[in-house]
Amino acid sequence: MAAERARIEASLAGIRADGPLESTDRIENGDEGSQDLYQDEFNAGRSEDLQAQMAAVERAEARLAAGTYGVSVESGEPIPDGRLEAVPTAERTIEEQRLYRRS
C-alpha cells in the first residue's frame with residue numbers, strides 16, 4: 001500500500017505543481033479549443049481519478065488496520081489472493097464487483 005500511496009501522491013503533486021495553464025480570466029471565445037485548455041481539463045480529470053484512487057488506498061489501509069483486509073465489504077467472503085495482487089485496494093470479489101458496477 002505504501003508504494004501505491006507514494007505513486008498517487010507524486011502524481012497529484014505533479015499536477016498541482018503545473019497549476020492551470022489557461023486562467024479563466026484569459027479565456028476568450030476563440031480559445032476554447034486551445035491546447036492549454038485541453039490540458040487543464042485533462043489534468044482536472046486525472047486529479048479526480050487520482051483522488052478516487054487515494055480514497056481506495058485509505059479504505060484499504062483502514063481495513064488492514066482493522067484486520068478485515070482481504071475480506072469482501074459486501075459478503076464477508078475472502079477475496080482471492082490473485083485479485084488482491086492485481087488490485088490491492090479491491091473491496092469485493094470479482095463477482096460482487098461486477099454486480100456492484102451494474103447497479
# chains A, B, ... in the order shown; residues from 1 in each chain; ligands from 1
$ select_by_dssp --residues "chain A" --states "alpha helix (DSSP H)" --output "PyMOL selection string"
chain A and resi 2-18+35-66+81-86+94-102
$ closest_residue --among "A:Gly14, A:Pro80, A:Gly67, A:Gly45" --to "Ile94 (chain A)" --atoms "only C-alpha atoms"
A:Pro80
$ residues_around --residues "region 46-52 of chain A" --least-positions-apart "5" --cutoff "8 Å" --atoms "only C-alpha atoms" --output "short mmCIF file (atom, residue, chain, number, x, y, z; two decimals) with N, CA and C atoms, in the first residue's frame"
data_model
loop_
_atom_site.label_atom_id
_atom_site.label_comp_id
_atom_site.auth_asym_id
_atom_site.auth_seq_id
_atom_site.Cartn_x
_atom_site.Cartn_y
_atom_site.Cartn_z
N ILE A 8 0.60 7.70 -6.09
CA ILE A 8 -0.53 8.61 -6.26
C ILE A 8 -0.17 10.01 -5.78
N SER A 11 2.02 11.74 -8.32
CA SER A 11 1.24 12.16 -9.50
C SER A 11 0.40 13.39 -9.19
N LEU A 12 -0.25 13.40 -8.03
CA LEU A 12 -1.05 14.56 -7.65
C LEU A 12 -0.17 15.80 -7.49
N ILE A 15 0.67 17.30 -10.87
CA ILE A 15 -0.45 18.04 -11.47
C ILE A 15 -0.60 19.39 -10.78
#
$ residues_around --residues "Ala6 (chain A)" --least-positions-apart "3" --cutoff "12 Å" --atoms "only C-alpha atoms" --output "PyMOL selection string"
chain A and resi 1-3+9-13+50+53-54+57
$ residues_around --residues "Glu77 (chain A)" --least-positions-apart "3" --cutoff "12 Å" --atoms "only C-alpha atoms" --output "PyMOL selection string"
chain A and resi 68-74+80+91-96
$ write_last_selection --atoms "N, CA and C atoms" --output "PDB file, in the first residue's frame"
ATOM      1  N   THR A  68      -9.541  -6.588   8.591  1.00  0.00           N
ATOM      2  CA  THR A  68     -10.543  -7.086   7.644  1.00  0.00           C
ATOM      3  C   THR A  68     -10.068  -6.994   6.197  1.00  0.00           C
ATOM      4  N   TYR A  69      -8.799  -6.677   5.988  1.00  0.00           N
ATOM      5  CA  TYR A  69      -8.268  -6.605   4.625  1.00  0.00           C
ATOM      6  C   TYR A  69      -8.331  -7.992   4.003  1.00  0.00           C
ATOM      7  N   GLY A  70      -8.733  -8.054   2.737  1.00  0.00           N
ATOM      8  CA  GLY A  70      -8.813  -9.330   2.039  1.00  0.00           C
ATOM      9  C   GLY A  70     -10.151 -10.020   2.194  1.00  0.00           C
ATOM     10  N   VAL A  71     -11.084  -9.324   2.822  1.00  0.00           N
ATOM     11  CA  VAL A  71     -12.432  -9.850   3.020  1.00  0.00           C
ATOM     12  C   VAL A  71     -13.402  -8.875   2.359  1.00  0.00           C
ATOM     13  N   SER A  72     -14.350  -9.396   1.620  1.00  0.00           N
ATOM     14  CA  SER A  72     -15.300  -8.551   0.914  1.00  0.00           C
ATOM     15  C   SER A  72     -16.109  -7.684   1.871  1.00  0.00           C
ATOM     16  N   VAL A  73     -16.257  -6.405   1.505  1.00  0.00           N
ATOM     17  CA  VAL A  73     -17.080  -5.498   2.302  1.00  0.00           C
ATOM     18  C   VAL A  73     -18.563  -5.792   2.116  1.00  0.00           C
ATOM     19  N   GLU A  74     -18.907  -6.531   1.055  1.00  0.00           N
ATOM     20  CA  GLU A  74     -20.295  -6.876   0.770  1.00  0.00           C
ATOM     21  C   GLU A  74     -20.730  -8.122   1.528  1.00  0.00           C
ATOM     22  N   PRO A  80      -9.919 -13.541  -3.286  1.00  0.00           N
ATOM     23  CA  PRO A  80      -8.784 -14.380  -3.690  1.00  0.00           C
ATOM     24  C   PRO A  80      -7.472 -13.592  -3.760  1.00  0.00           C
ATOM     25  N   GLU A  91     -12.203  -4.239  -2.851  1.00  0.00           N
ATOM     26  CA  GLU A  91     -13.112  -4.287  -1.710  1.00  0.00           C
ATOM     27  C   GLU A  91     -14.111  -5.428  -1.819  1.00  0.00           C
ATOM     28  N   ARG A  92     -14.212  -5.990  -3.011  1.00  0.00           N
ATOM     29  CA  ARG A  92     -15.199  -7.031  -3.274  1.00  0.00           C
ATOM     30  C   ARG A  92     -14.577  -8.149  -4.100  1.00  0.00           C
ATOM     31  N   THR A  93     -15.230  -9.308  -4.107  1.00  0.00           N
ATOM     32  CA  THR A  93     -14.814 -10.369  -5.014  1.00  0.00           C
ATOM     33  C   THR A  93     -15.127  -9.918  -6.435  1.00  0.00           C
ATOM     34  N   ILE A  94     -14.596 -10.607  -7.405  1.00  0.00           N
ATOM     35  CA  ILE A  94     -14.840 -10.232  -8.808  1.00  0.00           C
ATOM     36  C   ILE A  94     -16.329 -10.272  -9.122  1.00  0.00           C
ATOM     37  N   GLU A  95     -16.995 -11.319  -8.677  1.00  0.00           N
ATOM     38  CA  GLU A  95     -18.428 -11.449  -8.953  1.00  0.00           C
ATOM     39  C   GLU A  95     -19.221 -10.302  -8.328  1.00  0.00           C
ATOM     40  N   GLU A  96     -18.900  -9.963  -7.084  1.00  0.00           N
ATOM     41  CA  GLU A  96     -19.594  -8.862  -6.425  1.00  0.00           C
ATOM     42  C   GLU A  96     -19.306  -7.537  -7.109  1.00  0.00           C
TER      43      GLU A  96
END
$ closest_residue --among "A:Gln39, A:Gly76, A:Thr89, A:Arg63" --to "Arg5 (chain A)" --atoms "only C-alpha atoms"
A:Thr89
$ decode --residues "region 44-83 of chain A" --atoms "N, CA and C atoms" --output "mmCIF file, in the first residue's frame"
data_model
loop_
_atom_site.group_PDB
_atom_site.id
_atom_site.type_symbol
_atom_site.label_atom_id
_atom_site.label_comp_id
_atom_site.auth_asym_id
_atom_site.auth_seq_id
_atom_site.Cartn_x
_atom_site.Cartn_y
_atom_site.Cartn_z
ATOM 1 N N ALA A 44 -7.563 18.081 -14.681
ATOM 2 C CA ALA A 44 -8.655 18.060 -13.704
ATOM 3 C C ALA A 44 -9.257 16.660 -13.612
ATOM 4 N N GLY A 45 -9.475 16.032 -14.749
ATOM 5 C CA GLY A 45 -9.996 14.667 -14.755
ATOM 6 C C GLY A 45 -9.027 13.686 -14.132
ATOM 7 N N ARG A 46 -7.766 13.836 -14.445
ATOM 8 C CA ARG A 46 -6.729 12.961 -13.880
ATOM 9 C C ARG A 46 -6.645 13.146 -12.368
ATOM 10 N N SER A 47 -6.760 14.377 -11.908
ATOM 11 C CA SER A 47 -6.721 14.663 -10.478
ATOM 12 C C SER A 47 -7.891 13.997 -9.758
ATOM 13 N N GLU A 48 -9.077 14.062 -10.341
ATOM 14 C CA GLU A 48 -10.246 13.393 -9.751
ATOM 15 C C GLU A 48 -10.020 11.893 -9.667
ATOM 16 N N ASP A 49 -9.467 11.308 -10.725
ATOM 17 C CA ASP A 49 -9.186 9.871 -10.745
ATOM 18 C C ASP A 49 -8.167 9.506 -9.667
ATOM 19 N N LEU A 50 -7.116 10.293 -9.548
ATOM 20 C CA LEU A 50 -6.092 10.026 -8.538
ATOM 21 C C LEU A 50 -6.649 10.183 -7.125
ATOM 22 N N GLN A 51 -7.525 11.146 -6.915
ATOM 23 C CA GLN A 51 -8.137 11.323 -5.600
ATOM 24 C C GLN A 51 -9.021 10.128 -5.256
ATOM 25 N N ALA A 52 -9.729 9.592 -6.242
ATOM 26 C CA ALA A 52 -10.538 8.386 -6.015
ATOM 27 C C ALA A 52 -9.639 7.197 -5.691
ATOM 28 N N GLN A 53 -8.506 7.094 -6.384
ATOM 29 C CA GLN A 53 -7.556 6.023 -6.092
ATOM 30 C C GLN A 53 -6.991 6.170 -4.678
ATOM 31 N N MET A 54 -6.699 7.402 -4.265
ATOM 32 C CA MET A 54 -6.178 7.637 -2.917
ATOM 33 C C MET A 54 -7.222 7.259 -1.875
ATOM 34 N N ALA A 55 -8.471 7.573 -2.130
ATOM 35 C CA ALA A 55 -9.537 7.201 -1.194
ATOM 36 C C ALA A 55 -9.615 5.676 -1.069
ATOM 37 N N ALA A 56 -9.443 4.963 -2.179
ATOM 38 C CA ALA A 56 -9.452 3.499 -2.149
ATOM 39 C C ALA A 56 -8.274 2.968 -1.342
ATOM 40 N N VAL A 57 -7.111 3.598 -1.476
ATOM 41 C CA VAL A 57 -5.936 3.196 -0.693
ATOM 42 C C VAL A 57 -6.205 3.430 0.793
ATOM 43 N N GLU A 58 -6.791 4.562 1.126
ATOM 44 C CA GLU A 58 -7.079 4.862 2.529
ATOM 45 C C GLU A 58 -8.081 3.874 3.115
ATOM 46 N N ARG A 59 -9.095 3.485 2.327
ATOM 47 C CA ARG A 59 -10.051 2.478 2.805
ATOM 48 C C ARG A 59 -9.366 1.131 3.005
ATOM 49 N N ALA A 60 -8.461 0.774 2.091
ATOM 50 C CA ALA A 60 -7.724 -0.491 2.215
ATOM 51 C C ALA A 60 -6.826 -0.465 3.452
ATOM 52 N N GLU A 61 -6.179 0.666 3.695
ATOM 53 C CA GLU A 61 -5.333 0.792 4.888
ATOM 54 C C GLU A 61 -6.170 0.661 6.166
ATOM 55 N N ALA A 62 -7.368 1.228 6.156
ATOM 56 C CA ALA A 62 -8.257 1.126 7.316
ATOM 57 C C ALA A 62 -8.679 -0.328 7.542
ATOM 58 N N ARG A 63 -8.974 -1.047 6.443
ATOM 59 C CA ARG A 63 -9.331 -2.467 6.572
ATOM 60 C C ARG A 63 -8.145 -3.269 7.085
ATOM 61 N N LEU A 64 -6.956 -2.915 6.627
ATOM 62 C CA LEU A 64 -5.739 -3.591 7.091
ATOM 63 C C LEU A 64 -5.566 -3.386 8.598
ATOM 64 N N ALA A 65 -5.750 -2.164 9.054
ATOM 65 C CA ALA A 65 -5.622 -1.856 10.481
ATOM 66 C C ALA A 65 -6.700 -2.550 11.311
ATOM 67 N N ALA A 66 -7.884 -2.709 10.716
ATOM 68 C CA ALA A 66 -8.997 -3.342 11.431
ATOM 69 C C ALA A 66 -8.944 -4.864 11.359
ATOM 70 N N GLY A 67 -8.029 -5.381 10.534
ATOM 71 C CA GLY A 67 -7.926 -6.830 10.391
ATOM 72 C C GLY A 67 -8.938 -7.424 9.433
ATOM 73 N N THR A 68 -9.541 -6.588 8.591
ATOM 74 C CA THR A 68 -10.543 -7.086 7.644
ATOM 75 C C THR A 68 -10.068 -6.994 6.197
ATOM 76 N N TYR A 69 -8.799 -6.677 5.988
ATOM 77 C CA TYR A 69 -8.268 -6.605 4.625
ATOM 78 C C TYR A 69 -8.331 -7.992 4.003
ATOM 79 N N GLY A 70 -8.733 -8.054 2.737
ATOM 80 C CA GLY A 70 -8.813 -9.330 2.039
ATOM 81 C C GLY A 70 -10.151 -10.020 2.194
ATOM 82 N N VAL A 71 -11.084 -9.324 2.822
ATOM 83 C CA VAL A 71 -12.432 -9.850 3.020
ATOM 84 C C VAL A 71 -13.402 -8.875 2.359
ATOM 85 N N SER A 72 -14.350 -9.396 1.620
ATOM 86 C CA SER A 72 -15.300 -8.551 0.914
ATOM 87 C C SER A 72 -16.109 -7.684 1.871
ATOM 88 N N VAL A 73 -16.257 -6.405 1.505
ATOM 89 C CA VAL A 73 -17.080 -5.498 2.302
ATOM 90 C C VAL A 73 -18.563 -5.792 2.116
ATOM 91 N N GLU A 74 -18.907 -6.531 1.055
ATOM 92 C CA GLU A 74 -20.295 -6.876 0.770
ATOM 93 C C GLU A 74 -20.730 -8.122 1.528
ATOM 94 N N SER A 75 -19.983 -9.209 1.339
ATOM 95 C CA SER A 75 -20.424 -10.517 1.833
ATOM 96 C C SER A 75 -19.595 -11.075 2.979
ATOM 97 N N GLY A 76 -18.414 -10.527 3.191
ATOM 98 C CA GLY A 76 -17.523 -11.082 4.200
ATOM 99 C C GLY A 76 -16.746 -12.287 3.697
ATOM 100 N N GLU A 77 -16.930 -12.623 2.419
ATOM 101 C CA GLU A 77 -16.204 -13.736 1.806
ATOM 102 C C GLU A 77 -14.761 -13.315 1.543
ATOM 103 N N PRO A 78 -13.823 -14.254 1.602
ATOM 104 C CA PRO A 78 -12.426 -13.919 1.297
ATOM 105 C C PRO A 78 -12.272 -13.489 -0.170
ATOM 106 N N ILE A 79 -11.453 -12.487 -0.386
ATOM 107 C CA ILE A 79 -11.110 -12.047 -1.741
ATOM 108 C C ILE A 79 -9.879 -12.859 -2.137
ATOM 109 N N PRO A 80 -9.919 -13.541 -3.286
ATOM 110 C CA PRO A 80 -8.784 -14.380 -3.690
ATOM 111 C C PRO A 80 -7.472 -13.592 -3.760
ATOM 112 N N ASP A 81 -6.382 -14.268 -3.363
ATOM 113 C CA ASP A 81 -5.065 -13.632 -3.355
ATOM 114 C C ASP A 81 -4.693 -13.060 -4.715
ATOM 115 N N GLY A 82 -5.028 -13.769 -5.786
ATOM 116 C CA GLY A 82 -4.711 -13.281 -7.129
ATOM 117 C C GLY A 82 -5.358 -11.938 -7.422
ATOM 118 N N ARG A 83 -6.592 -11.764 -6.958
ATOM 119 C CA ARG A 83 -7.283 -10.487 -7.157
ATOM 120 C C ARG A 83 -6.595 -9.388 -6.348
#
